[in-house]
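In what follows, a single structure is set out as structure tokens and then discussed.
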Amino acid sequence: MANWFGRLRGKQPSVPAWHQAIRELVAEHPQRADVEAYLLTGQWRFSSPLRHGRGGLHLLEHAEGRVEAGRAVTAHLGQMPDQVALRLAEVLSAERPVLDSKWGPYPDRSLDGLEWLDGLLSLHGRSDHHPRREASRNPPDHVTIERLLTADGRPASTLVEQILQPGPRSRHRAWTALDWPGIDDAVARHREAALAADGRKRTVPRRGETLQALGRLSDETLARFRGHLESEAAADESSLRFAAGALLARLDPAHRLPPPTDLPRLPEVTWTAPLDPQVREQILAIADRHGIPHEDLEIAFFRLELGTPPDPHGEPPKPRGRRAFVAELGELDLDPAALMSVLDAVGCLLFSDGEIVSGTGIRALRRLAERTGHPTATEFAALAEDAGIDARAIAGAIVDHQGDAAREGLGHDAPAGERGDLAVRYLDALLEIAETAAAGLSRDVLAFLHVLAEHDRLPEAAEQRARALALDGAPTHRDAARRLLAALPDAAARAAAALDDPVPGRRAAAAQWVVTVATSTGTAQDAVATLQRALATETDEETRGTLVECLADLGSPPTRNLDKSAVIAAAQKAAARKPPAALAWFPVDDLPDLTWADDGGPIDASLARHLVLEAHRGTSPQPGAHLRAHVALIAPADRAALGGFVLEHWLSEDLGAERGSGAAKSPGLLALVAACGAGHSYPRLVDYIENHTRGSSAGAGGRAAQRQALFDMLAATGDDDVAAIRALLTIHGGVGVEATTDGAFRAVLRAAEHRGLDIGVLEDLAMPDFGFDDAGQQTLSYGARTFTAVLEPDLTVTLRDADGTTLPRPPKSAATDDKELAAQARRRYARWEEAFEGVSGRRTARLADAAGRGEAWSPPEWRERFLDGPVRARIAHRVLWRHGEVIFRPTLEGDLAGVDGDPVDVPVGGVVSIVATDELHGAERRAWADHFRRSGLTPWEHFDQVSAEAEPAR
């Protein structure tokens, strides 16, 4: 009653601060009373259940200041009742799209079963995924989090476990709590429970993530993990050893590698570079054309007058037209310091908190250096160091190369002596990049360090890391590391010694290292003897397979290194076993006959049966070295026949199965196809993926698992299996389903990495024809009717009916047509436009890159790579080529035309190269432009060799 009469007299009961904070949070919400009641009591008055998920109650959408409002209310978590705090955190977890919208789309990185904690981490943490996001100044302390975890029925160590043993996609979210008060004490208290992860979590990536998290702790807390660090420092995996060794070096200088002595000195530089008034006006005029505010540039001009370098930790504006502005700016002859200041003013010098030099900035600096000779790589390093730019960013800018001549680092053209000095000065940063960066950049770093090995200046630290990468690194890094070590004087002895390593995988990698050294030094005979001795004592089957393959690479065939009688005896013993029930659908007893590769003699049927059963036992469509070595004993034609037989029956089983395809449960059979090749069966595989795997999921005919298995198989085929790569490129360019084209493209990337080739070079070798014949024609069948598709010279497709009438598009099916064939024909036609647009873009980029690098080919190789096939020919006929002093253009009729249109001859000898875009000038360029006009041709948009307006300034 007192409360009741108190209200009548206008008095309000006192409300705790946390309750008042909730009221303020929901004050603008259209259902504020209901939301407040739910938070306080857990009861929802409407009959429909309360939905938590994306959108939720939209608390923060109706709150002023959004993120700040959420932070204000969670500042009272310590005073709230446990269940109220949990409900509040749960509701806020549904606001993650709102919380992250300021910094980009929200990545799905939620913690395992801790959705309510996600909301708190989103509000208060500085995420690695959004490096510029500010962390809260008043996050909840860990004592409160432990209390809420206990109330939620979780161990108090749960958050620490999430930090030190995160899920594969949640580490960025969990690590935001490392800035919260009390986290070091909590990690120290719960370290035993946090590190006691089960076997599922103790994978190498998880162990690496644990070391990354430990690296964020204070030295005092890190010292409590010394035992764990010492254990990881002795791990087999090089990445773990490096990471643990770096953390131990923080605690004990004795663990640090000795730094290089006598570091090369950098030249003296100055940032004082006032601009000439005319140049200043030119820059401002370019800025006006691209919408760049003058205020940003005036700051750079003022800095240059004062001699003040850019601030690498600042937050420069990033106007929309900055890249086009920088592209045009690169044509001005500016002082290097002036260019770097202007680049910084428009956000094109650094990004990612100053850790990387922008690719746009690298291109601008390279263009300036090509015209004026400055800045050299050393001058850039001196300016960057003077500005306080991170050493890793400098090292990355010096070596950065992404397969495109326009993205080469600033140091690739430097003299060997200068590159050697830079490699020594930035050795630690370069090695860190080599171990952690993407494959392409890591290979370039190791190639950059090659100059040190050639001059016997490779420091001990670089040698140790390169050796570890050669044996333990990712496959994409190993080859470059081996080439680096092959330049050392005693490389052969080092590689041979690694064959005695106790770990089988390292012995296999050491065998490949022996091959690399032998190839680079011309000592194949000695290497063969070394590998044969290792093969005689090797007991691991996969490593034996690798040794046999390496011997084959050195000219010693498998039939010389594997005892055929022993192989057959083992095959007969294994093949005598009854096939498993899961393989009942496969005709194991009807396999094709095989012959030996060396003498053509017949092979006992047990070998083919044994290979099928062995492949079926595997779960991967990628063959191991043991399987590849035994397949290599078979004659090539018989190999392809066996692979095609297996693939045809695998596809037929999957298409014919009404429920539970046996093929889907036998992905290992595809490993045998990858090892053998499938010859003429690949077109059926392409048809299967195009017309029977159209969904992104396994349901509704999607066959996602089968599709991915086929992609993995195609990517793992032998280096000489061009047809497999052509099938992949056909799928990548011709299937309009994102899940399919993306999967095919990833497989193309893996195939290129497996062969050590750029994608452009791979496409040179395996350019698909998309079903068109040499005349550029293809028939589309509707069953009762047929239509002819004609590939025009400009890579567009014209459709004609049986009477020769041109049709704008495939017609709808008629009653007499086969509905399925008509649907397939329409889908194929609809995909061609996008496919050929992508092909023309990739191929012209490849041609520009090859012209910039000065690549050349023998005439037969040139014809095979650039003229054979309807698509290749239509790209090449709008490109100028050079053989010696003769410039010519291929025609679609098969001739080579000179500038006057008359045929020219290209002798078998010599080489053919591409005419660069800046190679022709004056009258010669005008004559070729006139030739294109007379022939009714236009140059490629992004590779214009002849147009007068495209001619660069001389």
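Note on naming: chains are A, B, ... as they come in the structure tokens, residues start from 1 per chain, ligands start from 1 in the order shown.
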**OP:** Return as a PyMOL selection string the full set of residues in segment 702-915 of chain A whose backbone-based DSSP assignment is strand (DSSP E or B).
**Re:** chain A and resi 777-781+786-791+797-800+806-807+856-857+881-883+886-890+896-897+903+912-914
Next, write the just-selected residues to a file, as a CSV table (one decimal), in the first residue's frame, keeping N, CA, C and O atoms as the atom set.
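out16.csv, written as the output of this step:
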chain,number,residue,atom,x,y,z
A,777,GLN,N,32.1,-23.7,-84.9
A,777,GLN,CA,30.7,-24.0,-85.0
A,777,GLN,C,30.3,-25.1,-84.0
A,777,GLN,O,31.2,-25.9,-83.7
A,778,GLN,N,29.0,-25.1,-83.6
A,778,GLN,CA,28.6,-26.1,-82.6
A,778,GLN,C,27.1,-26.3,-82.8
A,778,GLN,O,26.4,-25.3,-83.1
A,779,THR,N,26.6,-27.5,-82.7
A,779,THR,CA,25.2,-27.8,-82.9
A,779,THR,C,24.5,-27.8,-81.5
A,779,THR,O,25.0,-28.5,-80.6
A,780,LEU,N,23.4,-27.1,-81.4
A,780,LEU,CA,22.5,-27.2,-80.3
A,780,LEU,C,21.3,-28.0,-80.7
A,780,LEU,O,20.6,-27.6,-81.6
A,781,SER,N,21.1,-29.1,-80.0
A,781,SER,CA,20.0,-30.0,-80.3
A,781,SER,C,18.8,-29.8,-79.4
A,781,SER,O,18.9,-29.8,-78.2
A,786,THR,N,17.4,-28.7,-84.7
A,786,THR,CA,18.8,-28.4,-84.4
A,786,THR,C,19.1,-27.0,-84.8
A,786,THR,O,18.5,-26.5,-85.8
A,787,PHE,N,20.0,-26.4,-84.1
A,787,PHE,CA,20.4,-25.0,-84.4
A,787,PHE,C,22.0,-25.0,-84.4
A,787,PHE,O,22.6,-25.7,-83.7
A,788,THR,N,22.5,-24.1,-85.2
A,788,THR,CA,24.0,-23.9,-85.3
A,788,THR,C,24.4,-22.7,-84.6
A,788,THR,O,24.0,-21.6,-84.9
A,789,ALA,N,25.3,-22.8,-83.7
A,789,ALA,CA,25.9,-21.7,-83.0
A,789,ALA,C,27.3,-21.4,-83.6
A,789,ALA,O,28.1,-22.3,-83.8
A,790,VAL,N,27.5,-20.1,-84.0
A,790,VAL,CA,28.8,-19.7,-84.7
A,790,VAL,C,29.5,-18.8,-83.8
A,790,VAL,O,29.0,-17.8,-83.3
A,791,LEU,N,30.8,-19.1,-83.5
A,791,LEU,CA,31.6,-18.3,-82.7
A,791,LEU,C,32.3,-17.2,-83.6
A,791,LEU,O,33.1,-17.5,-84.5
A,797,VAL,N,28.5,-15.0,-80.0
A,797,VAL,CA,28.0,-16.2,-80.5
A,797,VAL,C,26.7,-15.8,-81.3
A,797,VAL,O,25.8,-15.1,-80.8
A,798,THR,N,26.6,-16.2,-82.6
A,798,THR,CA,25.5,-16.0,-83.4
A,798,THR,C,24.8,-17.4,-83.6
A,798,THR,O,25.4,-18.4,-83.8
A,799,LEU,N,23.4,-17.4,-83.5
A,799,LEU,CA,22.6,-18.6,-83.6
A,799,LEU,C,21.8,-18.6,-84.9
A,799,LEU,O,21.2,-17.6,-85.2
A,800,ARG,N,21.9,-19.7,-85.6
A,800,ARG,CA,21.1,-19.8,-86.9
A,800,ARG,C,20.3,-21.1,-86.8
A,800,ARG,O,20.7,-22.1,-86.3
A,806,THR,N,19.1,-16.0,-88.8
A,806,THR,CA,19.8,-15.7,-87.6
A,806,THR,C,18.7,-15.4,-86.5
A,806,THR,O,17.7,-14.7,-86.7
A,807,LEU,N,18.9,-16.0,-85.3
A,807,LEU,CA,18.0,-15.9,-84.2
A,807,LEU,C,18.6,-15.1,-83.1
A,807,LEU,O,19.9,-15.2,-82.9
A,856,ALA,N,58.9,-15.5,-74.9
A,856,ALA,CA,59.0,-15.9,-76.3
A,856,ALA,C,58.9,-17.4,-76.3
A,856,ALA,O,59.2,-18.1,-75.4
A,857,TRP,N,58.5,-17.9,-77.5
A,857,TRP,CA,58.3,-19.3,-77.7
A,857,TRP,C,58.8,-19.7,-79.1
A,857,TRP,O,58.8,-18.9,-80.0
A,881,TRP,N,52.3,-9.9,-83.4
A,881,TRP,CA,53.4,-10.8,-82.9
A,881,TRP,C,54.7,-10.5,-83.7
A,881,TRP,O,54.6,-9.9,-84.8
A,882,ARG,N,55.8,-10.9,-83.1
A,882,ARG,CA,57.1,-10.6,-83.8
A,882,ARG,C,57.9,-11.9,-83.9
A,882,ARG,O,58.0,-12.6,-82.9
A,883,HIS,N,58.6,-12.0,-85.0
A,883,HIS,CA,59.6,-13.1,-85.2
A,883,HIS,C,60.8,-12.4,-85.8
A,883,HIS,O,60.8,-12.0,-87.0
A,886,VAL,N,60.3,-9.3,-88.2
A,886,VAL,CA,59.0,-9.4,-88.9
A,886,VAL,C,57.9,-9.3,-87.8
A,886,VAL,O,57.8,-10.0,-86.9
A,887,ILE,N,57.0,-8.3,-88.1
A,887,ILE,CA,55.8,-8.2,-87.3
A,887,ILE,C,54.6,-8.7,-88.1
A,887,ILE,O,54.5,-8.3,-89.3
A,888,PHE,N,53.7,-9.5,-87.5
A,888,PHE,CA,52.6,-10.0,-88.3
A,888,PHE,C,51.4,-10.2,-87.4
A,888,PHE,O,51.5,-10.1,-86.2
A,889,ARG,N,50.3,-10.6,-88.1
A,889,ARG,CA,49.1,-10.9,-87.4
A,889,ARG,C,48.5,-12.2,-87.9
A,889,ARG,O,48.3,-12.3,-89.2
A,890,PRO,N,48.1,-13.1,-87.1
A,890,PRO,CA,47.5,-14.4,-87.6
A,890,PRO,C,46.1,-14.0,-88.1
A,890,PRO,O,45.4,-13.2,-87.6
A,896,LEU,N,49.5,-15.9,-91.9
A,896,LEU,CA,50.1,-14.8,-91.1
A,896,LEU,C,50.2,-13.6,-92.0
A,896,LEU,O,50.9,-13.7,-93.1
A,897,ALA,N,49.6,-12.5,-91.6
A,897,ALA,CA,49.5,-11.3,-92.5
A,897,ALA,C,50.5,-10.3,-92.0
A,897,ALA,O,50.6,-10.0,-90.8
A,903,PRO,N,50.7,-12.3,-97.1
A,903,PRO,CA,51.2,-13.4,-96.2
A,903,PRO,C,52.7,-13.2,-96.0
A,903,PRO,O,53.4,-12.8,-96.9
A,912,VAL,N,59.1,-16.6,-81.3
A,912,VAL,CA,58.0,-15.7,-81.5
A,912,VAL,C,57.7,-15.0,-80.2
A,912,VAL,O,57.6,-15.6,-79.2
A,913,SER,N,57.5,-13.7,-80.2
A,913,SER,CA,57.2,-12.9,-79.0
A,913,SER,C,56.0,-12.0,-79.3
A,913,SER,O,55.5,-11.9,-80.5
A,914,ILE,N,55.5,-11.3,-78.3
A,914,ILE,CA,54.3,-10.4,-78.4
A,914,ILE,C,54.8,-9.0,-78.5
A,914,ILE,O,55.7,-8.6,-77.8
Can you build me a table of segment 486-591 of chain A residues sitting at most 12 Å from segment 215-237 of chain A, with the closest atom pair per residue and its distance in Å to one decimal, using only C-alpha atoms, sorted by chain and residue number, as a tab-separated table?
residue	atom	partner	partner_atom	distance
A:Asp501	CA	A:Asp236	CA	10.9
A:Pro502	CA	A:Asp236	CA	10.3
A:Val503	CA	A:Asp236	CA	8.2
A:Pro504	CA	A:Asp236	CA	11.3
A:Gly505	CA	A:Asp236	CA	10.2
A:Arg506	CA	A:Asp236	CA	9.3
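Atom CA of His931 of chain A is positioned 16.2 Å from atom CA of Thr917 of chain A.
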Subject >> Contacts of Ala492 of chain A within 8 Å, only C-alpha atoms, excl. fewer than 3 positions in-chain, as a list in words >> reply: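 Neighbouring residues, sequence-local ones excluded: Ala486, Ala495, Ala496, Val514, Val517 and Ala518 of chain A.
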For all heavy atoms, I'd like the residues from the last selection saved as a PDB file, in the first residue's frame.
ATOM      1  N   ALA A 486      69.409 -24.835 -52.943  1.00  0.00           N
ATOM      2  CA  ALA A 486      70.215 -25.478 -53.982  1.00  0.00           C
ATOM      3  C   ALA A 486      71.382 -24.618 -54.428  1.00  0.00           C
ATOM      4  O   ALA A 486      72.336 -25.130 -55.022  1.00  0.00           O
ATOM      5  CB  ALA A 486      69.326 -25.821 -55.188  1.00  0.00           C
ATOM      6  N   ALA A 495      70.894 -32.049 -48.636  1.00  0.00           N
ATOM      7  CA  ALA A 495      69.674 -32.732 -49.039  1.00  0.00           C
ATOM      8  C   ALA A 495      69.769 -34.230 -48.775  1.00  0.00           C
ATOM      9  O   ALA A 495      68.805 -34.856 -48.305  1.00  0.00           O
ATOM     10  CB  ALA A 495      69.398 -32.461 -50.512  1.00  0.00           C
ATOM     11  N   ALA A 496      70.929 -34.829 -49.057  1.00  0.00           N
ATOM     12  CA  ALA A 496      71.091 -36.266 -48.829  1.00  0.00           C
ATOM     13  C   ALA A 496      70.996 -36.602 -47.343  1.00  0.00           C
ATOM     14  O   ALA A 496      70.429 -37.637 -46.966  1.00  0.00           O
ATOM     15  CB  ALA A 496      72.425 -36.721 -49.400  1.00  0.00           C
ATOM     16  N   VAL A 514      66.481 -33.388 -53.121  1.00  0.00           N
ATOM     17  CA  VAL A 514      67.606 -33.967 -53.857  1.00  0.00           C
ATOM     18  C   VAL A 514      67.426 -33.738 -55.362  1.00  0.00           C
ATOM     19  O   VAL A 514      68.370 -33.393 -56.085  1.00  0.00           O
ATOM     20  CB  VAL A 514      67.732 -35.472 -53.543  1.00  0.00           C
ATOM     21  CG1 VAL A 514      68.722 -36.146 -54.493  1.00  0.00           C
ATOM     22  CG2 VAL A 514      68.178 -35.679 -52.101  1.00  0.00           C
ATOM     23  N   VAL A 517      68.181 -30.060 -56.278  1.00  0.00           N
ATOM     24  CA  VAL A 517      69.626 -29.785 -56.301  1.00  0.00           C
ATOM     25  C   VAL A 517      70.255 -30.402 -57.545  1.00  0.00           C
ATOM     26  O   VAL A 517      71.064 -29.761 -58.239  1.00  0.00           O
ATOM     27  CB  VAL A 517      70.285 -30.336 -55.019  1.00  0.00           C
ATOM     28  CG1 VAL A 517      71.802 -30.191 -55.104  1.00  0.00           C
ATOM     29  CG2 VAL A 517      69.761 -29.614 -53.789  1.00  0.00           C
ATOM     30  N   ALA A 518      69.878 -31.636 -57.867  1.00  0.00           N
ATOM     31  CA  ALA A 518      70.464 -32.300 -59.030  1.00  0.00           C
ATOM     32  C   ALA A 518      70.114 -31.581 -60.317  1.00  0.00           C
ATOM     33  O   ALA A 518      70.945 -31.451 -61.224  1.00  0.00           O
ATOM     34  CB  ALA A 518      69.981 -33.749 -59.079  1.00  0.00           C
TER      35      ALA A 518
END
**OP:** Please return as number ranges by chain: the residues of segment 781-847 of chain A that backbone DSSP assigns to helix (DSSP H, G or I).
**Re:** A: 819-847
Subject >> Which of A:Val143, A:Leu642, A:Leu655, A:Leu39 sits closest to Leu672 of chain A [using only C-alpha atoms] >> reply: A:Leu642
**OP:** Quote the spacing between atom CA of Ala597 of chain A and atom CA of Arg639 of chain A in Å to one decimal place.
**Re:**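 Those two atoms sit 9.5 Å apart.
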**OP:** Could you jot down the atom CA of Val879 of chain A to atom CA of Thr360 of chain A separation for me, Å, one decimal place?
**Re:**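 Computing it gives 27.8 Å between the two atoms.
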**OP:** Excluding Ala625 of chain A and any residue of its chain fewer than 4 positions from it, enumerate the residues within 10 Å of it, using only C-alpha atoms, and give them as a list in words.
**Re:** Ala508, Glu541, Glu542, Thr543, Arg544, Gly545, Thr546, Leu547, Val548, Glu549, Ala629, His630, Val631 and Ala675 of chain A
Output for the residues just chosen: all heavy atoms as an mmCIF file, in the first residue's frame:
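And here's selection10.cif as it stands now:
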data_model
loop_
_atom_site.group_PDB
_atom_site.id
_atom_site.type_symbol
_atom_site.label_atom_id
_atom_site.label_comp_id
_atom_site.auth_asym_id
_atom_site.auth_seq_id
_atom_site.Cartn_x
_atom_site.Cartn_y
_atom_site.Cartn_z
ATOM 1 N N ALA A 508 60.290 -37.925 -47.545
ATOM 2 C CA ALA A 508 59.729 -37.730 -48.882
ATOM 3 C C ALA A 508 60.064 -36.343 -49.409
ATOM 4 O O ALA A 508 60.427 -36.174 -50.583
ATOM 5 C CB ALA A 508 58.217 -37.930 -48.836
ATOM 6 N N GLU A 541 55.374 -46.959 -47.223
ATOM 7 C CA GLU A 541 54.932 -47.142 -48.599
ATOM 8 C C GLU A 541 54.786 -45.819 -49.350
ATOM 9 O O GLU A 541 55.163 -45.709 -50.520
ATOM 10 C CB GLU A 541 53.603 -47.907 -48.626
ATOM 11 C CG GLU A 541 53.723 -49.380 -48.255
ATOM 12 C CD GLU A 541 54.578 -50.155 -49.249
ATOM 13 O OE1 GLU A 541 54.686 -49.742 -50.408
ATOM 14 O OE2 GLU A 541 55.160 -51.179 -48.849
ATOM 15 N N GLU A 542 54.211 -44.799 -48.710
ATOM 16 C CA GLU A 542 54.042 -43.523 -49.390
ATOM 17 C C GLU A 542 55.385 -42.885 -49.711
ATOM 18 O O GLU A 542 55.590 -42.312 -50.785
ATOM 19 C CB GLU A 542 53.195 -42.577 -48.533
ATOM 20 C CG GLU A 542 51.706 -42.794 -48.640
ATOM 21 C CD GLU A 542 51.189 -42.615 -50.066
ATOM 22 O OE1 GLU A 542 51.397 -41.548 -50.646
ATOM 23 O OE2 GLU A 542 50.603 -43.573 -50.593
ATOM 24 N N THR A 543 56.332 -42.972 -48.777
ATOM 25 C CA THR A 543 57.661 -42.412 -49.024
ATOM 26 C C THR A 543 58.364 -43.190 -50.131
ATOM 27 O O THR A 543 59.074 -42.606 -50.959
ATOM 28 C CB THR A 543 58.496 -42.433 -47.739
ATOM 29 O OG1 THR A 543 57.782 -41.752 -46.709
ATOM 30 C CG2 THR A 543 59.835 -41.754 -47.947
ATOM 31 N N ARG A 544 58.170 -44.508 -50.163
ATOM 32 C CA ARG A 544 58.732 -45.300 -51.267
ATOM 33 C C ARG A 544 58.158 -44.825 -52.599
ATOM 34 O O ARG A 544 58.884 -44.692 -53.591
ATOM 35 C CB ARG A 544 58.424 -46.792 -51.068
ATOM 36 C CG ARG A 544 59.242 -47.475 -49.998
ATOM 37 C CD ARG A 544 58.882 -48.965 -49.907
ATOM 38 N NE ARG A 544 59.110 -49.653 -51.167
ATOM 39 C CZ ARG A 544 60.290 -50.138 -51.564
ATOM 40 N NH1 ARG A 544 61.355 -49.996 -50.778
ATOM 41 N NH2 ARG A 544 60.407 -50.760 -52.715
ATOM 42 N N GLY A 545 56.867 -44.546 -52.630
ATOM 43 C CA GLY A 545 56.265 -44.042 -53.857
ATOM 44 C C GLY A 545 56.878 -42.719 -54.287
ATOM 45 O O GLY A 545 57.133 -42.497 -55.481
ATOM 46 N N THR A 546 57.127 -41.826 -53.307
ATOM 47 C CA THR A 546 57.749 -40.539 -53.633
ATOM 48 C C THR A 546 59.158 -40.743 -54.181
ATOM 49 O O THR A 546 59.575 -40.069 -55.136
ATOM 50 C CB THR A 546 57.785 -39.647 -52.388
ATOM 51 O OG1 THR A 546 56.454 -39.448 -51.904
ATOM 52 C CG2 THR A 546 58.410 -38.298 -52.704
ATOM 53 N N LEU A 547 59.923 -41.662 -53.585
ATOM 54 C CA LEU A 547 61.279 -41.936 -54.065
ATOM 55 C C LEU A 547 61.251 -42.454 -55.507
ATOM 56 O O LEU A 547 62.077 -42.058 -56.338
ATOM 57 C CB LEU A 547 61.960 -42.953 -53.141
ATOM 58 C CG LEU A 547 62.405 -42.424 -51.773
ATOM 59 C CD1 LEU A 547 62.718 -43.579 -50.831
ATOM 60 C CD2 LEU A 547 63.625 -41.522 -51.916
ATOM 61 N N VAL A 548 60.292 -43.327 -55.809
ATOM 62 C CA VAL A 548 60.186 -43.845 -57.179
ATOM 63 C C VAL A 548 59.847 -42.711 -58.150
ATOM 64 O O VAL A 548 60.412 -42.631 -59.258
ATOM 65 C CB VAL A 548 59.121 -44.957 -57.238
ATOM 66 C CG1 VAL A 548 58.834 -45.351 -58.677
ATOM 67 C CG2 VAL A 548 59.580 -46.171 -56.447
ATOM 68 N N GLU A 549 58.946 -41.826 -57.757
ATOM 69 C CA GLU A 549 58.604 -40.689 -58.617
ATOM 70 C C GLU A 549 59.798 -39.770 -58.820
ATOM 71 O O GLU A 549 60.030 -39.267 -59.929
ATOM 72 C CB GLU A 549 57.444 -39.911 -57.999
ATOM 73 C CG GLU A 549 56.116 -40.614 -58.077
ATOM 74 C CD GLU A 549 54.980 -39.737 -57.592
ATOM 75 O OE1 GLU A 549 55.111 -39.124 -56.521
ATOM 76 O OE2 GLU A 549 53.960 -39.664 -58.281
ATOM 77 N N ALA A 629 53.052 -44.329 -58.236
ATOM 78 C CA ALA A 629 54.232 -45.087 -58.641
ATOM 79 C C ALA A 629 53.839 -46.407 -59.305
ATOM 80 O O ALA A 629 54.439 -46.819 -60.306
ATOM 81 C CB ALA A 629 55.123 -45.342 -57.429
ATOM 82 N N HIS A 630 52.820 -47.090 -58.783
ATOM 83 C CA HIS A 630 52.411 -48.359 -59.376
ATOM 84 C C HIS A 630 51.688 -48.147 -60.701
ATOM 85 O O HIS A 630 51.833 -48.959 -61.628
ATOM 86 C CB HIS A 630 51.522 -49.137 -58.397
ATOM 87 C CG HIS A 630 52.296 -49.801 -57.299
ATOM 88 N ND1 HIS A 630 52.829 -49.105 -56.226
ATOM 89 C CD2 HIS A 630 52.660 -51.104 -57.125
ATOM 90 C CE1 HIS A 630 53.470 -49.944 -55.432
ATOM 91 N NE2 HIS A 630 53.392 -51.159 -55.948
ATOM 92 N N VAL A 631 50.925 -47.075 -60.810
ATOM 93 C CA VAL A 631 50.261 -46.776 -62.080
ATOM 94 C C VAL A 631 51.290 -46.472 -63.162
ATOM 95 O O VAL A 631 51.088 -46.797 -64.346
ATOM 96 C CB VAL A 631 49.283 -45.602 -61.887
ATOM 97 C CG1 VAL A 631 48.859 -45.011 -63.222
ATOM 98 C CG2 VAL A 631 48.055 -46.058 -61.108
ATOM 99 N N ALA A 675 45.343 -40.614 -61.081
ATOM 100 C CA ALA A 675 46.673 -41.169 -61.333
ATOM 101 C C ALA A 675 46.813 -41.664 -62.763
ATOM 102 O O ALA A 675 47.882 -41.567 -63.370
ATOM 103 C CB ALA A 675 46.954 -42.306 -60.351
#
